[in-house]
Amino acid sequence: MKGALSWPFLRLYGLTILYFCANAILNVLIPLKGDSMGASNSEIGIIMGAYLFTTMFFRPWAGHIIRQKGPVQVLRAIILINGLALLLYTFTGLQGYFIARVLQGACTAFFSMALQLGIIDALPEKERSQGVSLYSLFASIPNVIGPLLAVGIWQNGEMTYFTWTIVAIVILTGVAGFSIQISDSRESDPKSEGEKETFFQSFSNLYRNPYLFRCSIIMLIVSIVFGAVTTFIPLYASTINFSAAAFLTIQASTLVAARFLLRKKIPSEGKWHSGFVMTILLLAAASSLGVCISGFVRGGAILFYSSAGLMGISQALLYPTLTTYLSFVLPKTSRNVLLGLFIAMADLGVSLGSAAMGPLADLTSYSVMYLICAILSALVIVCSYDRQGKLSGAAALDN
C-alpha cells in the first residue's frame with residue numbers, strides 16, 4: 001500500500017487509536033459517575049468541557065512549538081503526562097476528574113497537532129484530504145466500542161475493571177508512542193525575531209483572514225452541537241427509555257464507515273464547495289431535531305437511532321473537509337499556527353456544547369436544548385453559502 005495507507009502512516013493511526021481509547025470510555029463514565037454523586041448538569045458540563053477548552057487554548061502554541069522542536073520529542077513527553085492524567089481517574093473524585101481533564105486537554109493539543117501536521121506535510125496534495133480523513137477516522141474508532149465498554153463497566157458496578165482497563169491503555173500507548181517515528185518536517189531556517197513576530201501576528205488572522213474566519217465560525221457552532229450530543233445523550237436517553245450506548249455506537253460506527261468509504265469524495269484541491277458543505281450542515285440540523293422530538297412521537301426509537309447515523313455522517317465529513325481546504329489556502333509561513341487556531345475553534349465548540357448547554361438543560365429541558373442545537377445548525381448553513389464564488393477562488397492565493 002502507498003500514500004495515506006502505507007505502513008508508516010498505519011503505525012501512526014494505530015497509536016491514534018490507543019491514545020483516544022480512554023477518552024471514549026470516559027465520555028460515558030464521567031457523566032454517569034457524576035450524576036450518581038449528585039452533580040448537576042452544569043457541573044458535569046464543566047468537567048467534560050474542561051478537556052477541549054484546555055485543548056483549544058494550547059492548539060496554536062502546539063503548532064508553533066512542534067515546528068521548532070520537532071514532533072518526536074514532544075510526542076513522547078505528552079504520552080507520559082497523559083498517562084499520569086489517566087491514572088488520576090482511578091483514585092480521585094470530581095475535583096480530580098477536573099484536573100485530569102485539563103491535563104488530558106493540554107496533551108491532546110500537542111498529540112493531534114503533531115500527527116495532523118506531519119500527515120499534511122508528508123502527503124502529496126491530491127492525497128492530503130485522505131490523510132486528514134483517515135487520521136480523523138482512526139481517532140473515532142475508539143468511540144465505536146468505548147461506550148459499550150463504559151456501560152458494561154458501569155452496570156457491573158465494579159470499578160476495579162475500570163482501573164485495570166485504564167492501566168492497560170496507559171502501558172500500551174506508552175510502548176507504541178516511544179517506538180514510533182515521525183518525519184521531522186521543520187524548515188532549516190534558524191529561529192528569528194521575524195518568525196516570532198509572525199507567530200503572534202497570526203492570531204489576528206482569525207478574524208482578518210476571510211477563509212479562516214468563515215471556516216472557524218462554521219466549525220465552532222456545529223461543534224457546540226457535537227459536544228452537546230456526546231455529553232448529554234447518556235443522561236437524556238435514560239429519561240426517554242432509549243439506549244445511550246446504542247446511540248453512541250451507531251453514531252461512531254457511521255462516522256468511521258463514512259470517513260473510510262467517502263474519504264475520496266472530500267475535495268482536495270483548495271476550492272470551496274458550497275453545496276457539499278451545506279449538505280453536511282443540513283444533516284447535523286436534522287439529527288439534532290430528530291433527537292429533540294424522538295421522545296414525543298410514535299416510532300421515536302427509530303428516529304432517535306437514525307439521528308445517530310446522521311450525526312455520524314456530518315461529523316465524519318465536516319472536519320476533514322474544512323481542514324483540507326484551509327491547508328491549501330492558508331499562507332505556508334504561518335499555516336501551522338493558523339490551522340491550530342482553526343482546530344481550537346472546534347475544541348471550543350465541543351467544550352461549549354458541554355459547559356454552556358448543561359446550564360441550559362438545567363433551566364429548560366434536554367429536548368429544548370437539542371431544539372436549540374438544531375436551530376444553530378440550520379443558521380450556520382447561511383455562513384457556508386458562497387454565492388459570489390469568493391471562497392472558490394481562494395486556492396489562487398499566493399502561499
# chains A, B, ... in the order shown; residues from 1 in each chain; ligands from 1

call {"tool": "residues_around", "arguments": {"residues": "Glu269 of chain A", "least_positions_apart": "2", "cutoff": "7 Å", "atoms": "only C-alpha atoms", "output": "PyMOL selection string"}}
result
chain A and resi 126+267+271

call {"tool": "write_last_selection", "arguments": {"atoms": "C-alpha atoms", "output": "tab-separated table (two decimals), in the first residue's frame"}}
result
chain	number	residue	atom	x	y	z
A	126	LYS	CA	-4.14	15.16	-4.07
A	267	PRO	CA	-12.40	17.90	-2.04
A	271	LYS	CA	-11.76	25.05	-3.82

call {"tool": "residues_around", "arguments": {"residues": "Glu43 of chain A", "least_positions_apart": "5", "cutoff": "9 Å", "atoms": "only C-alpha atoms", "output": "list in words"}}
result
Gly34, Met48, Ala355, Gly358 and Pro359 of chain A

call {"tool": "write_last_selection", "arguments": {"atoms": "C-alpha atoms", "output": "short mmCIF file (atom, residue, chain, number, x, y, z; two decimals), in the first residue's frame"}}
result
data_model
loop_
_atom_site.label_atom_id
_atom_site.label_comp_id
_atom_site.auth_asym_id
_atom_site.auth_seq_id
_atom_site.Cartn_x
_atom_site.Cartn_y
_atom_site.Cartn_z
CA GLY A 34 -21.05 12.49 38.26
CA MET A 48 -16.42 17.47 30.43
CA ALA A 355 -20.30 23.82 29.60
CA GLY A 358 -25.53 21.99 30.62
CA PRO A 359 -26.97 25.07 32.38
#

call {"tool": "residues_around", "arguments": {"residues": "segment 337-349 of chain A", "least_positions_apart": "2", "cutoff": "8 Å", "atoms": "only C-alpha atoms", "output": "number ranges by chain"}}
result
A: 52-53, 55-64, 113, 199, 202-203, 205-206, 212, 215-217, 219-225, 227, 323, 326-327, 330, 334-335, 351-353

call {"tool": "write_last_selection", "arguments": {"atoms": "N, CA and C atoms", "output": "compact mmCIF listing (two decimals), in the first residue's frame"}}
result
# COMPACT_ATOMS: atom_id res chain seq x y z
N LEU A 52 -11.63 19.91 26.26
CA LEU A 52 -11.41 20.57 24.98
C LEU A 52 -11.22 22.08 25.11
N PHE A 53 -11.67 22.66 26.23
CA PHE A 53 -11.36 24.07 26.45
C PHE A 53 -9.86 24.26 26.61
N THR A 55 -7.59 22.11 25.47
CA THR A 55 -7.03 21.78 24.16
C THR A 55 -7.06 22.99 23.24
N MET A 56 -8.18 23.70 23.23
CA MET A 56 -8.33 24.89 22.42
C MET A 56 -7.25 25.92 22.74
N PHE A 57 -6.98 26.12 24.03
CA PHE A 57 -6.02 27.13 24.46
C PHE A 57 -4.61 26.80 23.97
N PHE A 58 -4.27 25.51 23.95
CA PHE A 58 -2.89 25.11 23.62
C PHE A 58 -2.67 24.84 22.13
N ARG A 59 -3.72 24.73 21.33
CA ARG A 59 -3.55 24.36 19.92
C ARG A 59 -2.56 25.25 19.16
N PRO A 60 -2.75 26.59 19.16
CA PRO A 60 -1.82 27.42 18.38
C PRO A 60 -0.38 27.31 18.87
N TRP A 61 -0.18 27.23 20.20
CA TRP A 61 1.16 27.08 20.74
C TRP A 61 1.75 25.74 20.33
N ALA A 62 0.91 24.72 20.28
CA ALA A 62 1.39 23.40 19.89
C ALA A 62 1.95 23.42 18.47
N GLY A 63 1.21 24.06 17.55
CA GLY A 63 1.69 24.15 16.18
C GLY A 63 3.02 24.85 16.09
N HIS A 64 3.20 25.92 16.87
CA HIS A 64 4.44 26.68 16.86
C HIS A 64 5.59 25.88 17.47
N MET A 113 -1.96 17.79 16.95
CA MET A 113 -1.29 18.71 16.05
C MET A 113 -0.05 18.07 15.43
N PHE A 199 4.35 34.57 14.44
CA PHE A 199 3.52 33.73 15.30
C PHE A 199 2.48 34.56 16.04
N SER A 202 -0.16 36.09 13.88
CA SER A 202 -1.08 35.13 13.27
C SER A 202 -2.43 35.08 13.97
N PHE A 203 -2.47 35.44 15.26
CA PHE A 203 -3.73 35.38 15.99
C PHE A 203 -4.77 36.33 15.41
N ASN A 205 -5.27 36.90 12.41
CA ASN A 205 -5.83 36.34 11.18
C ASN A 205 -7.09 35.55 11.41
N LEU A 206 -7.38 35.25 12.67
CA LEU A 206 -8.61 34.52 12.97
C LEU A 206 -9.83 35.30 12.49
N LEU A 212 -10.22 31.66 6.85
CA LEU A 212 -10.09 31.11 8.19
C LEU A 212 -11.29 31.50 9.06
N CYS A 215 -14.52 29.42 7.99
CA CYS A 215 -14.42 28.02 8.42
C CYS A 215 -14.48 27.89 9.94
N SER A 216 -13.88 28.85 10.65
CA SER A 216 -13.87 28.79 12.11
C SER A 216 -15.27 28.99 12.69
N ILE A 217 -16.04 29.91 12.12
CA ILE A 217 -17.41 30.13 12.59
C ILE A 217 -18.25 28.88 12.38
N MET A 219 -17.21 25.75 12.07
CA MET A 219 -16.74 24.66 12.93
C MET A 219 -17.11 24.90 14.38
N LEU A 220 -17.03 26.16 14.83
CA LEU A 220 -17.36 26.49 16.22
C LEU A 220 -18.82 26.15 16.53
N ILE A 221 -19.73 26.62 15.71
CA ILE A 221 -21.15 26.46 16.01
C ILE A 221 -21.58 25.00 15.90
N VAL A 222 -21.14 24.32 14.85
CA VAL A 222 -21.55 22.91 14.71
C VAL A 222 -20.91 22.05 15.78
N SER A 223 -19.71 22.41 16.23
CA SER A 223 -19.06 21.64 17.29
C SER A 223 -19.81 21.77 18.62
N ILE A 224 -20.51 22.89 18.82
CA ILE A 224 -21.37 23.02 20.01
C ILE A 224 -22.42 21.90 20.00
N VAL A 225 -22.97 21.66 18.82
CA VAL A 225 -23.97 20.59 18.67
C VAL A 225 -23.34 19.24 18.95
N GLY A 227 -20.74 18.56 20.72
CA GLY A 227 -20.39 18.45 22.14
C GLY A 227 -21.60 18.16 23.01
N THR A 323 -10.62 21.31 7.16
CA THR A 323 -9.17 21.27 7.42
C THR A 323 -8.38 21.17 6.13
N LEU A 326 -8.44 24.51 4.21
CA LEU A 326 -7.55 25.51 4.80
C LEU A 326 -6.08 25.18 4.58
N SER A 327 -5.75 23.89 4.52
CA SER A 327 -4.34 23.53 4.31
C SER A 327 -3.84 24.01 2.95
N LEU A 330 -4.29 28.70 3.27
CA LEU A 330 -3.58 29.50 4.27
C LEU A 330 -2.12 29.70 3.87
N SER A 334 2.71 30.62 8.03
CA SER A 334 2.00 30.60 9.32
C SER A 334 0.92 29.53 9.35
N ARG A 335 1.01 28.56 8.46
CA ARG A 335 -0.04 27.56 8.34
C ARG A 335 -0.21 26.74 9.62
N SER A 351 -16.40 22.11 23.74
CA SER A 351 -16.36 22.50 25.16
C SER A 351 -17.61 23.27 25.55
N LEU A 352 -18.03 24.22 24.69
CA LEU A 352 -19.24 24.99 24.97
C LEU A 352 -20.49 24.10 24.91
N GLY A 353 -20.42 23.07 24.06
CA GLY A 353 -21.53 22.13 24.00
C GLY A 353 -21.76 21.44 25.32

call {"tool": "closest_residue", "arguments": {"among": "A:Cys383, A:Ala257, A:Ile218, A:Leu310", "to": "Ala286 of chain A", "atoms": "only C-alpha atoms"}}
result
A:Leu310

call {"tool": "atom_distance", "arguments": {"atom1": "atom CA of Ala374 of chain A", "atom2": "atom CA of Leu289 of chain A"}}
result
5.3 Å

call {"tool": "closest_residue", "arguments": {"among": "A:Asn27, A:Thr321, A:Gln68, A:Ser307", "to": "Ala285 of chain A", "atoms": "only C-alpha atoms"}}
result
A:Ser307

call {"tool": "atom_distance", "arguments": {"atom1": "atom CA of Leu235 of chain A", "atom2": "atom CA of Ser40 of chain A"}}
result
11.2 Å

call {"tool": "select_by_dssp", "arguments": {"residues": "segment 114-347 of chain A", "states": "alpha helix (DSSP H)", "output": "ChimeraX atom specification"}}
result
/A:114-122,128-140,142-156,160-179,193-201,205-208,210-239,244-261,274-293,300-329,335-347
